[in-house]
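K.L.:
Got a file for you: structure03.txt, compact mmCIF, C-alpha atoms.
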# COMPACT_ATOMS: atom_id res chain seq x y z
CA MET Z 1 21.13 -8.10 8.93
CA THR Z 2 20.57 -9.54 5.46
CA VAL Z 3 18.09 -7.39 3.60
CA GLU Z 4 17.79 -9.34 0.39
CA SER Z 5 15.21 -12.10 0.32
CA THR Z 6 15.71 -15.44 -1.33
CA ALA Z 7 14.00 -13.92 -4.36
CA ALA Z 8 17.08 -11.76 -4.92
CA ARG Z 9 19.51 -14.64 -4.93
CA LYS Z 10 20.73 -16.28 -8.12
CA PRO Z 11 18.61 -19.35 -8.92
CA PRO Z 12 20.28 -22.72 -9.53
CA ARG Z 13 21.28 -23.35 -13.14
CA ARG Z 14 19.13 -25.81 -15.00
CA SER Z 15 20.55 -28.56 -17.17
CA GLY Z 16 19.26 -29.36 -20.62
CA SER Z 17 16.66 -31.64 -19.07
CA LYS Z 18 14.10 -30.41 -16.59
CA ARG Z 19 15.83 -32.11 -13.68
CA THR Z 20 17.72 -30.25 -10.99
CA SER Z 21 20.13 -31.64 -8.45
CA SER Z 22 18.63 -32.99 -5.26
CA ALA Z 23 20.71 -30.49 -3.26
CA ALA Z 24 19.36 -27.56 -5.24
CA ALA Z 25 15.81 -28.88 -4.99
CA LYS Z 26 16.19 -29.34 -1.24
CA LYS Z 27 17.63 -25.82 -0.84
CA THR Z 28 14.78 -24.30 -2.82
CA SER Z 29 12.12 -26.16 -0.87
CA GLN Z 30 13.57 -24.99 2.44
CA GLU Z 31 13.91 -21.33 1.54
CA PRO Z 32 11.02 -19.32 2.98
CA GLU Z 33 9.00 -17.31 0.48
CA LEU Z 34 6.88 -15.45 3.05
CA VAL Z 35 8.56 -13.58 5.87
CA GLN Z 36 6.55 -14.12 9.04
CA LEU Z 37 7.35 -13.41 12.69
CA LEU Z 38 3.87 -13.78 14.21
CA THR Z 39 1.58 -16.58 13.06
CA PRO Z 40 -2.20 -16.16 12.65
CA GLU Z 41 -2.53 -18.08 15.94
CA GLY Z 42 -0.45 -15.44 17.74
CA GLU Z 43 2.69 -17.57 18.04
CA ARG Z 44 6.06 -15.81 17.83
CA VAL Z 45 8.41 -17.36 15.27
CA GLU Z 46 11.86 -16.50 13.94
CA HIS Z 47 13.12 -15.86 10.42
CA PRO Z 48 16.72 -16.37 9.26
CA ASP Z 49 17.00 -13.00 7.51
CA TYR Z 50 14.70 -10.71 9.48
CA SER Z 51 14.32 -10.26 13.20
CA ILE Z 52 12.94 -7.68 15.58
CA ASP Z 53 13.06 -7.10 19.31
CA LEU Z 54 10.36 -4.82 20.70
CA SER Z 55 9.51 -3.83 24.25
CA PRO Z 56 6.03 -4.44 25.68
CA ASP Z 57 5.31 -0.71 25.34
CA GLN Z 58 6.23 -0.79 21.67
CA LEU Z 59 4.07 -3.85 21.04
CA ARG Z 60 1.10 -2.23 22.75
CA ALA Z 61 1.68 0.94 20.72
CA LEU Z 62 1.50 -1.03 17.46
CA TYR Z 63 -1.73 -2.64 18.63
CA ARG Z 64 -3.17 0.76 19.55
CA ASP Z 65 -2.24 2.17 16.14
CA MET Z 66 -4.06 -0.62 14.34
CA VAL Z 67 -7.17 -0.43 16.52
CA LEU Z 68 -7.56 3.34 16.21
CA THR Z 69 -6.88 3.26 12.48
CA ARG Z 70 -9.56 0.61 12.00
CA ARG Z 71 -11.96 2.65 14.11
CA PHE Z 72 -11.78 5.87 12.15
CA ASP Z 73 -11.79 3.90 8.91
CA ALA Z 74 -15.06 2.26 9.96
CA GLU Z 75 -16.44 5.66 10.91
CA ALA Z 76 -15.59 6.94 7.44
CA VAL Z 77 -17.49 4.08 5.80
CA THR Z 78 -20.54 4.90 7.92
CA LEU Z 79 -20.27 8.60 7.15
CA GLN Z 80 -20.20 7.87 3.43
CA ARG Z 81 -23.28 5.65 3.70
CA GLN Z 82 -25.03 8.54 5.44
CA GLY Z 83 -24.15 10.97 2.66
CA GLU Z 84 -21.46 12.87 4.55
CA LEU Z 85 -18.63 11.75 2.21
CA GLY Z 86 -18.66 11.33 -1.53
CA LEU Z 87 -16.53 8.18 -1.47
CA TRP Z 88 -14.26 6.22 0.85
CA PRO Z 89 -11.63 3.52 0.15
CA SER Z 90 -11.50 1.35 3.26
CA LEU Z 91 -8.26 -0.21 4.51
CA LEU Z 92 -10.04 -2.93 6.52
CA GLY Z 93 -7.68 -5.91 6.82
CA GLN Z 94 -4.57 -3.99 5.79
CA GLU Z 95 -3.81 -2.35 9.12
CA ALA Z 96 -0.65 -4.38 9.81
CA ALA Z 97 0.82 -3.64 6.38
CA GLN Z 98 0.31 0.09 6.87
CA ILE Z 99 1.16 0.49 10.55
CA GLY Z 100 4.16 -1.83 10.34
CA SER Z 101 5.64 0.02 7.36
CA GLY Z 102 4.63 3.43 8.66
CA ARG Z 103 6.38 2.92 11.98
CA ALA Z 104 9.52 1.74 10.19
CA LEU Z 105 10.03 5.20 8.69
CA ARG Z 106 12.34 7.88 10.01
CA ASP Z 107 11.08 11.45 10.27
CA ASP Z 108 13.25 12.52 7.34
CA ASP Z 109 11.98 9.77 5.03
CA TYR Z 110 9.37 10.80 2.48
CA VAL Z 111 6.13 8.98 1.69
CA PHE Z 112 4.22 8.85 -1.59
CA PRO Z 113 0.85 7.19 -0.89
CA THR Z 114 -2.05 6.07 -3.03
CA TYR Z 115 -5.53 6.89 -1.70
CA ARG Z 116 -5.83 4.08 0.87
CA GLU Z 117 -2.83 4.68 3.15
CA HIS Z 118 -4.88 5.92 6.11
CA GLY Z 119 -2.74 3.96 8.57
CA VAL Z 120 0.49 5.36 7.17
CA ALA Z 121 -1.02 8.85 7.36
CA TRP Z 122 -1.81 8.16 11.02
CA CYS Z 123 1.83 7.21 11.62
CA ARG Z 124 2.99 10.43 9.95
CA GLY Z 125 0.79 12.59 12.14
CA VAL Z 126 -1.82 13.49 9.52
CA PRO Z 127 -5.18 13.90 11.34
CA PRO Z 128 -7.99 11.58 10.17
CA GLU Z 129 -10.18 14.64 9.68
CA SER Z 130 -7.82 15.88 6.98
CA LEU Z 131 -8.14 12.62 5.07
CA LEU Z 132 -11.92 12.62 5.27
CA GLY Z 133 -12.13 16.28 4.32
CA MET Z 134 -10.72 15.46 0.91
CA PHE Z 135 -13.37 12.79 0.32
CA ARG Z 136 -16.02 15.24 1.50
CA GLY Z 137 -14.81 17.67 -1.13
CA VAL Z 138 -14.03 20.58 1.17
CA ASN Z 139 -10.25 20.62 0.58
CA ASN Z 140 -7.59 19.38 -1.78
CA GLY Z 141 -5.91 17.18 0.78
CA GLY Z 142 -5.99 19.19 3.96
CA TRP Z 143 -2.36 18.92 4.96
CA ASP Z 144 1.01 20.32 3.98
CA PRO Z 145 3.04 17.42 2.53
CA ASN Z 146 6.33 18.94 3.64
CA SER Z 147 5.20 19.24 7.25
CA ASN Z 148 4.82 15.48 7.63
CA ASN Z 149 6.93 14.24 4.69
CA PHE Z 150 3.69 12.63 3.54
CA HIS Z 151 2.59 13.55 0.04
CA LEU Z 152 -1.03 14.20 -0.87
CA TYR Z 153 -3.13 11.20 -1.84
CA THR Z 154 -2.77 10.12 -5.47
CA ILE Z 155 -5.93 8.98 -7.21
CA VAL Z 156 -4.30 8.20 -10.56
CA ILE Z 157 -3.25 4.57 -10.36
CA GLY Z 158 0.51 4.09 -10.13
CA SER Z 159 1.72 7.59 -10.97
CA GLN Z 160 3.08 8.16 -7.46
CA ALA Z 161 5.76 5.51 -8.10
CA LEU Z 162 7.32 7.83 -10.67
CA HIS Z 163 6.99 10.82 -8.35
CA ALA Z 164 8.73 8.85 -5.60
CA THR Z 165 11.53 7.78 -7.92
CA GLY Z 166 12.18 11.33 -9.08
CA TYR Z 167 12.18 12.59 -5.51
CA ALA Z 168 14.57 9.81 -4.48
CA MET Z 169 16.92 10.65 -7.34
CA GLY Z 170 16.85 14.27 -6.18
CA ILE Z 171 17.70 13.61 -2.55
CA ALA Z 172 20.50 11.29 -3.65
CA LYS Z 173 22.01 14.14 -5.66
CA ASP Z 174 21.63 16.36 -2.60
CA GLY Z 175 23.66 13.88 -0.58
CA ALA Z 176 20.88 13.13 1.92
CA ASP Z 177 20.87 9.76 3.68
CA SER Z 178 17.08 9.54 3.92
CA ALA Z 179 14.88 7.17 1.92
CA VAL Z 180 11.65 7.39 -0.03
CA ILE Z 181 8.78 4.91 0.05
CA ALA Z 182 6.10 4.55 -2.63
CA TYR Z 183 2.89 2.69 -1.87
CA PHE Z 184 0.76 1.00 -4.51
CA GLY Z 185 -1.54 -1.97 -4.89
CA ASP Z 186 -1.30 -5.19 -6.84
CA GLY Z 187 -3.41 -3.71 -9.63
CA ALA Z 188 -1.06 -0.75 -10.01
CA SER Z 189 1.84 -3.15 -10.56
CA SER Z 190 0.37 -3.71 -14.03
CA GLN Z 191 0.58 -0.02 -14.89
CA GLY Z 192 3.30 1.38 -17.11
CA ASP Z 193 4.12 4.13 -14.62
CA VAL Z 194 5.14 1.60 -11.98
CA ASN Z 195 7.32 -0.36 -14.37
CA GLU Z 196 8.94 2.84 -15.62
CA ALA Z 197 9.65 3.77 -12.01
CA PHE Z 198 11.31 0.38 -11.50
CA THR Z 199 13.52 1.00 -14.52
CA PHE Z 200 14.61 4.52 -13.56
CA SER Z 201 15.17 3.67 -9.91
CA ALA Z 202 17.36 0.70 -10.79
CA VAL Z 203 19.42 2.52 -13.40
CA TYR Z 204 19.99 5.53 -11.16
CA ASN Z 205 20.31 3.51 -7.95
CA ALA Z 206 17.64 5.64 -6.32
CA PRO Z 207 17.05 5.27 -2.55
CA VAL Z 208 13.43 4.23 -2.87
CA VAL Z 209 11.39 1.36 -1.44
CA PHE Z 210 8.43 0.21 -3.49
CA PHE Z 211 5.80 -1.08 -1.09
CA CYS Z 212 3.09 -3.11 -2.80
CA GLN Z 213 0.06 -3.99 -0.71
CA ASN Z 214 -1.11 -7.09 -2.52
CA ASN Z 215 -4.65 -7.30 -1.18
CA GLN Z 216 -5.50 -9.96 -3.80
CA TRP Z 217 -7.98 -7.90 -5.79
CA ALA Z 218 -7.56 -4.97 -8.19
CA ILE Z 219 -11.21 -3.99 -7.86
CA SER Z 220 -12.73 -7.16 -9.36
CA GLU Z 221 -9.60 -8.66 -10.95
CA PRO Z 222 -7.71 -11.27 -8.89
CA THR Z 223 -3.92 -11.24 -8.73
CA GLU Z 224 -3.57 -14.35 -10.90
CA LYS Z 225 -5.02 -12.37 -13.80
CA GLN Z 226 -2.38 -9.69 -13.35
CA SER Z 227 0.88 -11.58 -12.99
CA ARG Z 228 2.25 -15.02 -13.87
CA VAL Z 229 4.78 -14.79 -11.03
CA PRO Z 230 4.57 -13.49 -7.45
CA ILE Z 231 4.79 -9.71 -7.53
CA TYR Z 232 7.96 -9.51 -5.44
CA GLN Z 233 9.83 -11.59 -8.02
CA ARG Z 234 9.27 -8.91 -10.66
CA ALA Z 235 12.02 -6.86 -9.06
CA LEU Z 236 14.62 -9.31 -10.35
CA GLY Z 237 13.86 -8.36 -13.93
CA PHE Z 238 14.75 -4.76 -13.15
CA GLY Z 239 17.90 -5.59 -11.24
CA PHE Z 240 17.01 -5.07 -7.60
CA PRO Z 241 15.84 -7.31 -4.75
CA GLY Z 242 12.29 -8.10 -3.76
CA VAL Z 243 10.77 -9.78 -0.73
CA ARG Z 244 7.31 -11.02 0.18
CA VAL Z 245 6.17 -10.44 3.76
CA ASP Z 246 3.07 -11.55 5.60
CA GLY Z 247 1.09 -8.33 5.31
CA ASN Z 248 -1.13 -9.29 8.25
CA ASP Z 249 1.87 -9.63 10.56
CA VAL Z 250 2.74 -6.18 11.87
CA LEU Z 251 6.04 -7.38 13.36
CA ALA Z 252 7.27 -8.90 10.11
CA VAL Z 253 6.20 -5.86 8.10
CA LEU Z 254 8.05 -3.58 10.52
CA ALA Z 255 11.22 -5.67 10.36
CA VAL Z 256 11.21 -6.06 6.57
CA THR Z 257 10.43 -2.41 5.87
CA ARG Z 258 13.15 -1.23 8.25
CA ALA Z 259 15.65 -3.42 6.44
CA ALA Z 260 14.44 -2.27 3.02
CA LEU Z 261 14.70 1.40 3.98
CA GLU Z 262 18.21 0.88 5.33
CA HIS Z 263 19.09 -0.94 2.10
CA ALA Z 264 17.99 2.15 0.17
CA ARG Z 265 19.66 4.66 2.51
CA SER Z 266 23.00 2.87 2.41
CA GLY Z 267 23.38 3.39 -1.33
CA GLN Z 268 22.33 -0.10 -2.43
CA GLY Z 269 19.46 1.18 -4.54
CA PRO Z 270 15.75 0.32 -4.64
CA MET Z 271 13.94 -2.62 -3.13
CA LEU Z 272 10.46 -4.04 -3.62
CA VAL Z 273 8.39 -5.20 -0.64
CA GLU Z 274 5.23 -7.16 -1.37
CA ALA Z 275 2.94 -7.19 1.66
CA PHE Z 276 0.74 -10.24 1.12
CA THR Z 277 -2.57 -9.21 2.69
CA TYR Z 278 -6.29 -9.05 1.94
CA ARG Z 279 -8.84 -6.33 1.37
CA MET Z 280 -11.65 -7.34 3.75
CA GLY Z 281 -14.04 -4.68 2.55
CA ALA Z 282 -15.01 -3.23 -0.80
CA HIS Z 283 -12.53 -1.55 -3.13
CA THR Z 284 -14.38 1.67 -2.36
CA THR Z 285 -17.84 2.38 -1.04
CA SER Z 286 -19.10 2.34 -4.65
CA ASP Z 287 -18.04 -1.30 -5.05
CA ASP Z 288 -19.88 -4.55 -4.26
CA PRO Z 289 -17.30 -7.30 -3.65
CA THR Z 290 -19.98 -9.99 -3.28
CA ARG Z 291 -20.33 -9.92 -7.06
CA TYR Z 292 -16.84 -11.26 -7.71
CA ARG Z 293 -15.51 -13.06 -4.62
CA SER Z 294 -16.81 -15.74 -2.29
CA ASP Z 295 -17.73 -15.60 1.38
CA ASP Z 296 -15.47 -18.58 2.02
CA GLU Z 297 -12.47 -16.61 0.77
CA ARG Z 298 -13.20 -13.74 3.10
CA LYS Z 299 -13.75 -16.08 6.05
CA SER Z 300 -10.39 -17.77 5.47
CA TRP Z 301 -8.71 -14.37 5.71
CA GLU Z 302 -10.71 -13.31 8.76
CA ALA Z 303 -8.83 -16.03 10.62
CA LYS Z 304 -5.61 -14.17 9.76
CA ASP Z 305 -6.86 -10.83 11.09
CA PRO Z 306 -3.83 -8.63 11.93
CA ILE Z 307 -5.35 -7.08 15.05
CA LEU Z 308 -6.65 -10.34 16.47
CA ARG Z 309 -3.31 -12.11 16.09
CA LEU Z 310 -1.38 -9.37 17.91
CA ARG Z 311 -3.98 -9.26 20.69
CA THR Z 312 -3.70 -13.02 21.07
CA TYR Z 313 0.06 -12.69 21.42
CA LEU Z 314 -0.19 -9.85 23.94
CA GLU Z 315 -2.65 -11.77 26.10
CA LYS Z 316 -0.82 -15.07 25.82
CA GLU Z 317 2.49 -13.53 26.87
CA GLY Z 318 0.96 -11.34 29.57
CA LEU Z 319 2.08 -8.15 27.83
CA ALA Z 320 -1.26 -6.36 28.15
CA ASP Z 321 -3.94 -6.59 30.81
CA ALA Z 322 -7.69 -6.11 30.72
CA ALA Z 323 -7.36 -2.48 31.74
CA PHE Z 324 -5.28 -1.73 28.64
CA PHE Z 325 -7.88 -3.15 26.28
CA THR Z 326 -10.72 -1.40 28.13
CA GLU Z 327 -8.98 1.97 28.00
CA LEU Z 328 -8.21 1.49 24.33
CA GLU Z 329 -11.83 0.69 23.58
CA THR Z 330 -12.84 3.94 25.23
CA GLU Z 331 -10.21 5.86 23.27
CA SER Z 332 -11.40 4.16 20.09
CA GLU Z 333 -14.98 5.31 20.58
CA THR Z 334 -13.81 8.81 21.44
CA THR Z 335 -11.80 8.90 18.22
CA GLY Z 336 -14.82 7.82 16.19
CA LYS Z 337 -17.03 10.50 17.73
CA ARG Z 338 -14.39 13.18 17.24
CA VAL Z 339 -14.04 12.34 13.58
CA ARG Z 340 -17.82 12.32 13.08
CA GLU Z 341 -18.29 15.69 14.74
CA ALA Z 342 -15.38 17.23 12.84
CA ILE Z 343 -16.72 16.10 9.47
CA ARG Z 344 -20.25 17.29 10.12
CA ASN Z 345 -18.99 20.69 11.23
CA MET Z 346 -16.73 21.25 8.23
CA THR Z 347 -17.68 24.32 6.24
CA ASP Z 348 -17.89 24.27 2.48
CA PRO Z 349 -15.05 26.06 0.69
CA ASP Z 350 -15.52 29.41 -0.99
CA ASP Z 351 -16.80 28.96 -4.55
CA MET Z 352 -13.94 31.07 -5.87
CA ALA Z 353 -11.24 29.02 -4.11
CA MET Z 354 -10.86 26.78 -7.16
CA PHE Z 355 -9.07 29.62 -8.94
CA GLU Z 356 -6.41 29.99 -6.25
CA ASN Z 357 -2.96 28.40 -6.15
CA ILE Z 358 -2.87 27.64 -9.87
CA TYR Z 359 -0.05 29.95 -10.94
CA ALA Z 360 2.42 31.51 -8.52
CA ASP Z 361 2.29 34.89 -10.23
CA GLY Z 362 -1.24 34.83 -11.58
CA HIS Z 363 -2.42 34.29 -15.16
CA ALA Z 364 -4.64 36.31 -17.45
CA LEU Z 365 -6.72 33.33 -18.54
CA VAL Z 366 -7.40 32.28 -14.93
CA ASP Z 367 -8.37 35.88 -14.10
CA GLU Z 368 -10.79 35.87 -17.02
CA GLU Z 369 -12.33 32.55 -15.98
CA ARG Z 370 -12.66 33.78 -12.39
CA ALA Z 371 -14.53 36.89 -13.56
CA GLN Z 372 -16.83 34.85 -15.78
CA TYR Z 373 -17.66 32.44 -12.97
CA ALA Z 374 -18.27 35.29 -10.53
CA ALA Z 375 -20.69 36.87 -12.99
CA TYR Z 376 -22.44 33.52 -13.44
CA GLN Z 377 -22.86 33.12 -9.68
CA ALA Z 378 -24.12 36.69 -9.35
CA SER Z 379 -26.79 36.05 -11.97
CA PHE Z 380 -28.63 33.71 -9.61
CA ALA Z 381 -28.86 36.44 -6.95
CA GLU Z 382 -30.18 38.87 -9.52
CA GLU Z 383 -32.85 36.38 -10.64
CA GLY Z 384 -33.89 35.90 -7.04
CA ASN Z 385 -34.49 39.63 -6.64
Could you write out this structure as structure tokens?
P.N.:
Amino acid sequence: MTVESTAARKPPRRSGSKRTSSAAAKKTSQEPELVQLLTPEGERVEHPDYSIDLSPDQLRALYRDMVLTRRFDAEAVTLQRQGELGLWPSLLGQEAAQIGSGRALRDDDYVFPTYREHGVAWCRGVPPESLLGMFRGVNNGGWDPNSNNFHLYTIVIGSQALHATGYAMGIAKDGADSAVIAYFGDGASSQGDVNEAFTFSAVYNAPVVFFCQNNQWAISEPTEKQSRVPIYQRALGFGFPGVRVDGNDVLAVLAVTRAALEHARSGQGPMLVEAFTYRMGAHTTSDDPTRYRSDDERKSWEAKDPILRLRTYLEKEGLADAAFFTELETESETTGKRVREAIRNMTDPDDMAMFENIYADGHALVDEERAQYAAYQASFAEEGN
């Protein structure tokens, strides 16, 4: 399998004039820029560099993953609107990018997410309740990163790319054959941390895959105000390959990410995957996307919905019957109710918990601050008496 996209190949040399040979022009025009295996209409297509062969069970499992991820994501939005969460960054529309890449990972691979990788967390076995607990403010993440090889969410934009690169350099020195994947958005690609990570990973041939979910908007800034070239082509400037995949095509994302991870594991260094997708909802629940983008734009992307296109394919090919979809709908509602009940029953953390797990062996200053805060809290009880 060829893992490098056409973006990684050497471009034809230009003459002094702006004309290129007809052969070179023809070759360029025929080379696919977007890797796609399932069209928005649910038609299966082939790609010269990437292919995948999945059983009906595997296809139904991918569909189930996307449906359940969308369901608990929608529940989280509702919970935030009802005051149960402080904030929530929805992944609506990006289910294929996350499930496809998440299911491409091996158990020993390590994930460095942003704060929107709810579908990847699902694939790594992190319960939805743990994700929501962080946004409710009752825990600092709610899961042990080393139990799932899934790092805690990173709120600082782009810093996880450096963390992933350092971790990848470390496992390479250890002689491990696993890979690391770092998720970030199109906006983060403009951050210095991400570009520094590109530099270090290339120079040290680190086994890391940079997975950019280009959902077209960095809050209110469109992609064209962030980059003069497609994001995947930036990899060339750092000396490693990049590829753009249809981020709403779960089959293509799975195939491309598998190939990219194998590229990294086999000692060929980093690779950049740009999942070309769309953020259907707001950046977070504190955002109003109607102020900066049109309804027509959203409607054009609704026609490319990742869940709808896979369902169309399953039904058209007779790979799933009505009973499957009915049972999944029931499971979806059960998942939503379970998440809601779990969040509402979460207890607030102990006020003094903020002083724990700061220093392994304790620290005099932290002890002093703990005592001061305890005295401050006690003063309210004394006033009440």
K.L.:
So that I can see what lies close to region 91-106 of chain Z, please list as a list in words the residues with an atom at most 7 Å from it, counting all atoms listed in the file and leaving out residues fewer than 6 positions away in the same chain.
P.N.:
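Close residues of region 91-106 of chain Z: Asp65, Met66, Arg70, Asp73, Arg116, Glu117, Gly119, Val120, Cys123, Gly247, Asn248, Asp249, Val250, Leu251, Val253, Leu254, Thr257, Arg258, Ala275, Thr277, Tyr278, Arg279, Met280, Gly281, Asp305 and Pro306 of chain Z.
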K.L.:
Can you work out which one of Z:Ser190, Z:Gln216, Z:Thr165, Z:Gln160 has the shortest atom-to-atom distance to Val203 (chain Z), counting all atoms listed in the file?
P.N.:
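So, comparing all the options, the nearest one is Z:Thr165.
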K.L.:
Would you list the contacts of Thr347 (chain Z) as a CSV table (one decimal) with C-alpha atoms, in the coordinates of the input, taking every protein, DNA or RNA residue within 10 Å and counting all atoms listed in the file, but skipping same-chain residues closer than 3 positions in sequence?
P.N.:
chain,number,residue,atom,x,y,z
Z,133,GLY,CA,-12.1,16.3,4.3
Z,138,VAL,CA,-14.0,20.6,1.2
Z,342,ALA,CA,-15.4,17.2,12.8
Z,343,ILE,CA,-16.7,16.1,9.5
Z,344,ARG,CA,-20.2,17.3,10.1
Z,350,ASP,CA,-15.5,29.4,-1.0
K.L.:
Between Z:Leu85, Z:Met352, Z:Ala61, Z:Ile52, single out the one closest to Phe325 (chain Z), counting only C-alpha atoms.
P.N.:
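Among the listed residues, Z:Ala61 lies closest to Phe325 (chain Z).
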K.L.:
Hey, could you pull the box centre and edge lengths for region 109-117 of chain Z, axis-aligned, 8 Å padding per side, all listed atoms, to one decimal in Å, as lines of an AutoDock Vina configuration file?
P.N.:
center_x = 3.1
center_y = 7.4
center_z = 1.0
size_x = 33.8
size_y = 22.7
size_z = 24.1
K.L.:
Got a sec to check which residues sit within 8 Å of (-5.7, -3.4, -3.0), counting all atoms listed in the file, and write them as a VMD selection string?
P.N.:
chain Z and resid 184 to 187 213 to 219 278 to 279 283
K.L.:
For a cutoff of 7 Å around the file-coordinate point (9.6, 0.3, -4.6), which residues qualify once you count only C-alpha atoms? I'd like the result as a list in words.
P.N.:
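Residues close enough to count: Ile181, Ala182, Val208, Val209, Phe210, Phe211, Pro270, Met271, Leu272 and Val273 of chain Z.
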K.L.:
Determine the nearest neighbour of Gly42 (chain Z) from the options Z:Arg370, Z:Arg298, Z:Lys316, Z:Arg338, counting only C-alpha atoms.
P.N.:
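Result for the nearest residue to Gly42 (chain Z): Z:Lys316.
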K.L.:
What gap, in Å, lies between CA of Glu33 (chain Z) and CA of Val243 (chain Z)?
P.N.:
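Separation of CA of Glu33 (chain Z) and CA of Val243 (chain Z): 7.8 Å.
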K.L.:
Have a look at CA of Asp109 (chain Z) and CA of Asn149 (chain Z) and let me know their distance in Å, one decimal.
P.N.:
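According to the coordinates, CA of Asp109 (chain Z) and CA of Asn149 (chain Z) are separated by 6.8 Å.
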K.L.:
Have a look at CA of Ser266 (chain Z) and CA of Gly158 (chain Z) and let me know their distance in Å, one decimal.
P.N.:
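Computing it gives 25.8 Å between the two atoms.
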K.L.:
Out of Z:Tyr204, Z:Phe135, Z:Phe276, Z:Tyr50, which residue has the shortest atom-to-atom distance to Pro230 (chain Z) when counting all atoms listed in the file?
P.N.:
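Smallest distance to Pro230 (chain Z) is found for Z:Phe276.
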K.L.:
Taking 2 positions as the minimum chain separation for residues in the same chain, which residues sit within 12 Å of Gly242 (chain Z) when counting all atoms listed in the file? Answer as a VMD selection string.
P.N.:
chain Z and resid 3 to 9 33 to 35 198 209 to 212 230 to 240 244 to 245 256 to 257 259 to 260 263 269 to 275
K.L.:
Just C-alpha atoms for this one: save the residues we selected as a compact mmCIF listing (two decimals), in the frame of the given file.
P.N.:
# COMPACT_ATOMS: atom_id res chain seq x y z
CA VAL Z 3 18.09 -7.39 3.60
CA GLU Z 4 17.79 -9.34 0.39
CA SER Z 5 15.21 -12.10 0.32
CA THR Z 6 15.71 -15.44 -1.33
CA ALA Z 7 14.00 -13.92 -4.36
CA ALA Z 8 17.08 -11.76 -4.92
CA ARG Z 9 19.51 -14.64 -4.93
CA GLU Z 33 9.00 -17.31 0.48
CA LEU Z 34 6.88 -15.45 3.05
CA VAL Z 35 8.56 -13.58 5.87
CA PHE Z 198 11.31 0.38 -11.50
CA VAL Z 209 11.39 1.36 -1.44
CA PHE Z 210 8.43 0.21 -3.49
CA PHE Z 211 5.80 -1.08 -1.09
CA CYS Z 212 3.09 -3.11 -2.80
CA PRO Z 230 4.57 -13.49 -7.45
CA ILE Z 231 4.79 -9.71 -7.53
CA TYR Z 232 7.96 -9.51 -5.44
CA GLN Z 233 9.83 -11.59 -8.02
CA ARG Z 234 9.27 -8.91 -10.66
CA ALA Z 235 12.02 -6.86 -9.06
CA LEU Z 236 14.62 -9.31 -10.35
CA GLY Z 237 13.86 -8.36 -13.93
CA PHE Z 238 14.75 -4.76 -13.15
CA GLY Z 239 17.90 -5.59 -11.24
CA PHE Z 240 17.01 -5.07 -7.60
CA ARG Z 244 7.31 -11.02 0.18
CA VAL Z 245 6.17 -10.44 3.76
CA VAL Z 256 11.21 -6.06 6.57
CA THR Z 257 10.43 -2.41 5.87
CA ALA Z 259 15.65 -3.42 6.44
CA ALA Z 260 14.44 -2.27 3.02
CA HIS Z 263 19.09 -0.94 2.10
CA GLY Z 269 19.46 1.18 -4.54
CA PRO Z 270 15.75 0.32 -4.64
CA MET Z 271 13.94 -2.62 -3.13
CA LEU Z 272 10.46 -4.04 -3.62
CA VAL Z 273 8.39 -5.20 -0.64
CA GLU Z 274 5.23 -7.16 -1.37
CA ALA Z 275 2.94 -7.19 1.66
K.L.:
When you count only C-alpha atoms, which of these residues is closest to Gly86 (chain Z): Z:Thr223, Z:Asn205, Z:Ser286, Z:Ser294?
P.N.:
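Closest to Gly86 (chain Z), using only C-alpha atoms: Z:Ser286.
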